[in-house]
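Q: One structure coming up, written as structure tokens, with questions to follow.
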Amino acid sequence: MVAKELLNKLKEKLVKDWRDFEPLRAGVKVAISDILFPKLPESAYTEYDCEYKGLEIYNFIFENYRDASALIAA
């Protein structure tokens, strides 16, 4: 459920050349944080864990997606 919600949100954010502009990159980071952090159980994840997971997801998206066209349909 969380993954599907994140994919749908990222479809809006991954516009052409999004990696070339800081405000667009920041928007992707914020979208990941806004969706991921409230969904991770606090008892299992520390604040550091949440930040680390968010960074891992952002790095994966940055390295693998030039735009939303390659995202799996959710």
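Lettering and numbering for the structure tokens are positional, with chains as A, B, ... in the shown order, residues counted from 1 in each chain, and ligands counted from 1 in the shown order.
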Report the residues of chain A whose backbone DSSP state falls under helix (DSSP H, G or I), written as a PyMOL selection string.
A: chain A and resi 2-13+18-20+22-39+47-64+68-70
Q: Would you export the selected residues with N, CA and C atoms as a compact mmCIF listing (two decimals), in the first residue's frame, please?
A:
```
# COMPACT_ATOMS: atom_id res chain seq x y z
N VAL A 2 1.88 1.30 0.86
CA VAL A 2 2.76 2.47 0.94
C VAL A 2 3.53 2.64 -0.37
N ALA A 3 4.01 1.52 -0.91
CA ALA A 3 4.78 1.59 -2.16
C ALA A 3 3.91 2.14 -3.30
N LYS A 4 2.68 1.70 -3.36
CA LYS A 4 1.77 2.18 -4.40
C LYS A 4 1.50 3.68 -4.24
N GLU A 5 1.29 4.10 -3.03
CA GLU A 5 1.06 5.53 -2.75
C GLU A 5 2.30 6.35 -3.14
N LEU A 6 3.47 5.84 -2.82
CA LEU A 6 4.70 6.55 -3.15
C LEU A 6 4.90 6.62 -4.67
N LEU A 7 4.66 5.52 -5.36
CA LEU A 7 4.78 5.53 -6.82
C LEU A 7 3.85 6.55 -7.45
N ASN A 8 2.61 6.60 -6.99
CA ASN A 8 1.66 7.56 -7.53
C ASN A 8 2.12 9.00 -7.30
N LYS A 9 2.66 9.27 -6.12
CA LYS A 9 3.14 10.62 -5.82
C LYS A 9 4.37 10.96 -6.66
N LEU A 10 5.26 9.99 -6.85
CA LEU A 10 6.46 10.25 -7.62
C LEU A 10 6.16 10.49 -9.10
N LYS A 11 5.08 9.92 -9.60
CA LYS A 11 4.70 10.16 -10.99
C LYS A 11 4.51 11.65 -11.25
N GLU A 12 4.04 12.38 -10.26
CA GLU A 12 3.85 13.83 -10.38
C GLU A 12 5.18 14.58 -10.32
N LYS A 13 6.14 14.02 -9.61
CA LYS A 13 7.39 14.72 -9.32
C LYS A 13 8.51 14.45 -10.32
N TRP A 18 14.34 16.29 -14.02
CA TRP A 18 14.16 16.61 -12.60
C TRP A 18 15.47 16.53 -11.82
N ARG A 19 16.38 15.69 -12.28
CA ARG A 19 17.65 15.53 -11.56
C ARG A 19 18.58 16.72 -11.73
N ASP A 20 18.31 17.58 -12.68
CA ASP A 20 19.18 18.72 -12.97
C ASP A 20 18.86 19.97 -12.16
N GLU A 22 17.76 21.63 -8.39
CA GLU A 22 17.64 21.41 -6.95
C GLU A 22 16.21 21.48 -6.45
N PRO A 23 15.39 22.46 -6.86
CA PRO A 23 14.02 22.49 -6.34
C PRO A 23 13.22 21.23 -6.70
N LEU A 24 13.48 20.66 -7.86
CA LEU A 24 12.78 19.44 -8.26
C LEU A 24 13.30 18.24 -7.47
N ARG A 25 14.61 18.18 -7.26
CA ARG A 25 15.18 17.10 -6.44
C ARG A 25 14.64 17.19 -5.01
N ALA A 26 14.57 18.39 -4.49
CA ALA A 26 14.04 18.58 -3.14
C ALA A 26 12.59 18.14 -3.05
N GLY A 27 11.81 18.40 -4.10
CA GLY A 27 10.41 17.98 -4.12
C GLY A 27 10.27 16.48 -4.05
N VAL A 28 11.17 15.77 -4.71
CA VAL A 28 11.16 14.31 -4.66
C VAL A 28 11.50 13.84 -3.25
N LYS A 29 12.51 14.45 -2.63
CA LYS A 29 12.89 14.08 -1.26
C LYS A 29 11.73 14.32 -0.29
N VAL A 30 11.07 15.45 -0.44
CA VAL A 30 9.95 15.78 0.45
C VAL A 30 8.80 14.80 0.24
N ALA A 31 8.51 14.46 -1.01
CA ALA A 31 7.43 13.51 -1.29
C ALA A 31 7.72 12.16 -0.64
N ILE A 32 8.96 11.71 -0.72
CA ILE A 32 9.34 10.45 -0.09
C ILE A 32 9.14 10.54 1.42
N SER A 33 9.63 11.62 2.01
CA SER A 33 9.50 11.80 3.47
C SER A 33 8.04 11.88 3.90
N ASP A 34 7.25 12.64 3.17
CA ASP A 34 5.85 12.84 3.54
C ASP A 34 5.05 11.55 3.52
N ILE A 35 5.41 10.64 2.64
CA ILE A 35 4.66 9.39 2.54
C ILE A 35 5.28 8.30 3.39
N LEU A 36 6.60 8.20 3.38
CA LEU A 36 7.27 7.11 4.06
C LEU A 36 7.25 7.25 5.58
N PHE A 37 7.65 8.39 6.10
CA PHE A 37 7.85 8.53 7.54
C PHE A 37 6.61 8.28 8.37
N PRO A 38 5.45 8.80 7.99
CA PRO A 38 4.27 8.51 8.81
C PRO A 38 3.84 7.03 8.78
N LYS A 39 4.27 6.30 7.77
CA LYS A 39 3.84 4.91 7.61
C LYS A 39 4.76 3.92 8.32
N GLU A 47 14.36 7.52 14.45
CA GLU A 47 14.38 8.67 13.54
C GLU A 47 15.51 8.51 12.52
N TYR A 48 16.66 8.04 13.00
CA TYR A 48 17.79 7.80 12.11
C TYR A 48 17.43 6.76 11.04
N ASP A 49 16.78 5.67 11.45
CA ASP A 49 16.37 4.63 10.50
C ASP A 49 15.47 5.21 9.42
N CYS A 50 14.52 6.05 9.82
CA CYS A 50 13.60 6.66 8.86
C CYS A 50 14.35 7.54 7.86
N GLU A 51 15.27 8.33 8.37
CA GLU A 51 16.05 9.20 7.48
C GLU A 51 16.89 8.36 6.52
N TYR A 52 17.49 7.31 7.03
CA TYR A 52 18.33 6.43 6.21
C TYR A 52 17.50 5.74 5.13
N LYS A 53 16.35 5.22 5.49
CA LYS A 53 15.49 4.55 4.50
C LYS A 53 15.03 5.53 3.43
N GLY A 54 14.68 6.73 3.85
CA GLY A 54 14.28 7.76 2.89
C GLY A 54 15.40 8.09 1.93
N LEU A 55 16.61 8.19 2.43
CA LEU A 55 17.77 8.48 1.58
C LEU A 55 18.05 7.33 0.63
N GLU A 56 17.91 6.11 1.10
CA GLU A 56 18.10 4.94 0.22
C GLU A 56 17.09 4.95 -0.93
N ILE A 57 15.85 5.25 -0.62
CA ILE A 57 14.82 5.30 -1.66
C ILE A 57 15.11 6.42 -2.64
N TYR A 58 15.46 7.60 -2.11
CA TYR A 58 15.78 8.73 -2.99
C TYR A 58 16.95 8.37 -3.91
N ASN A 59 18.01 7.81 -3.36
CA ASN A 59 19.17 7.45 -4.18
C ASN A 59 18.81 6.43 -5.26
N PHE A 60 17.97 5.48 -4.92
CA PHE A 60 17.53 4.50 -5.91
C PHE A 60 16.75 5.18 -7.04
N ILE A 61 15.83 6.04 -6.66
CA ILE A 61 15.04 6.77 -7.67
C ILE A 61 15.95 7.64 -8.53
N PHE A 62 16.88 8.36 -7.89
CA PHE A 62 17.79 9.25 -8.63
C PHE A 62 18.61 8.46 -9.64
N GLU A 63 19.13 7.32 -9.23
CA GLU A 63 19.99 6.54 -10.11
C GLU A 63 19.23 5.81 -11.23
N ASN A 64 17.96 5.50 -11.01
CA ASN A 64 17.25 4.63 -11.95
C ASN A 64 16.16 5.27 -12.78
N ALA A 68 9.18 9.92 -14.99
CA ALA A 68 8.16 8.99 -14.52
C ALA A 68 7.79 7.92 -15.54
N SER A 69 8.23 8.03 -16.76
CA SER A 69 7.82 7.08 -17.80
C SER A 69 8.27 5.64 -17.49
N ALA A 70 9.31 5.49 -16.70
CA ALA A 70 9.81 4.14 -16.39
C ALA A 70 9.20 3.55 -15.13
```
Q: Which one is closest to Leu14 of chain A: A:Met1, A:Thr46, A:Asp67, A:Pro41? Count only C-alpha atoms.
A: A:Asp67
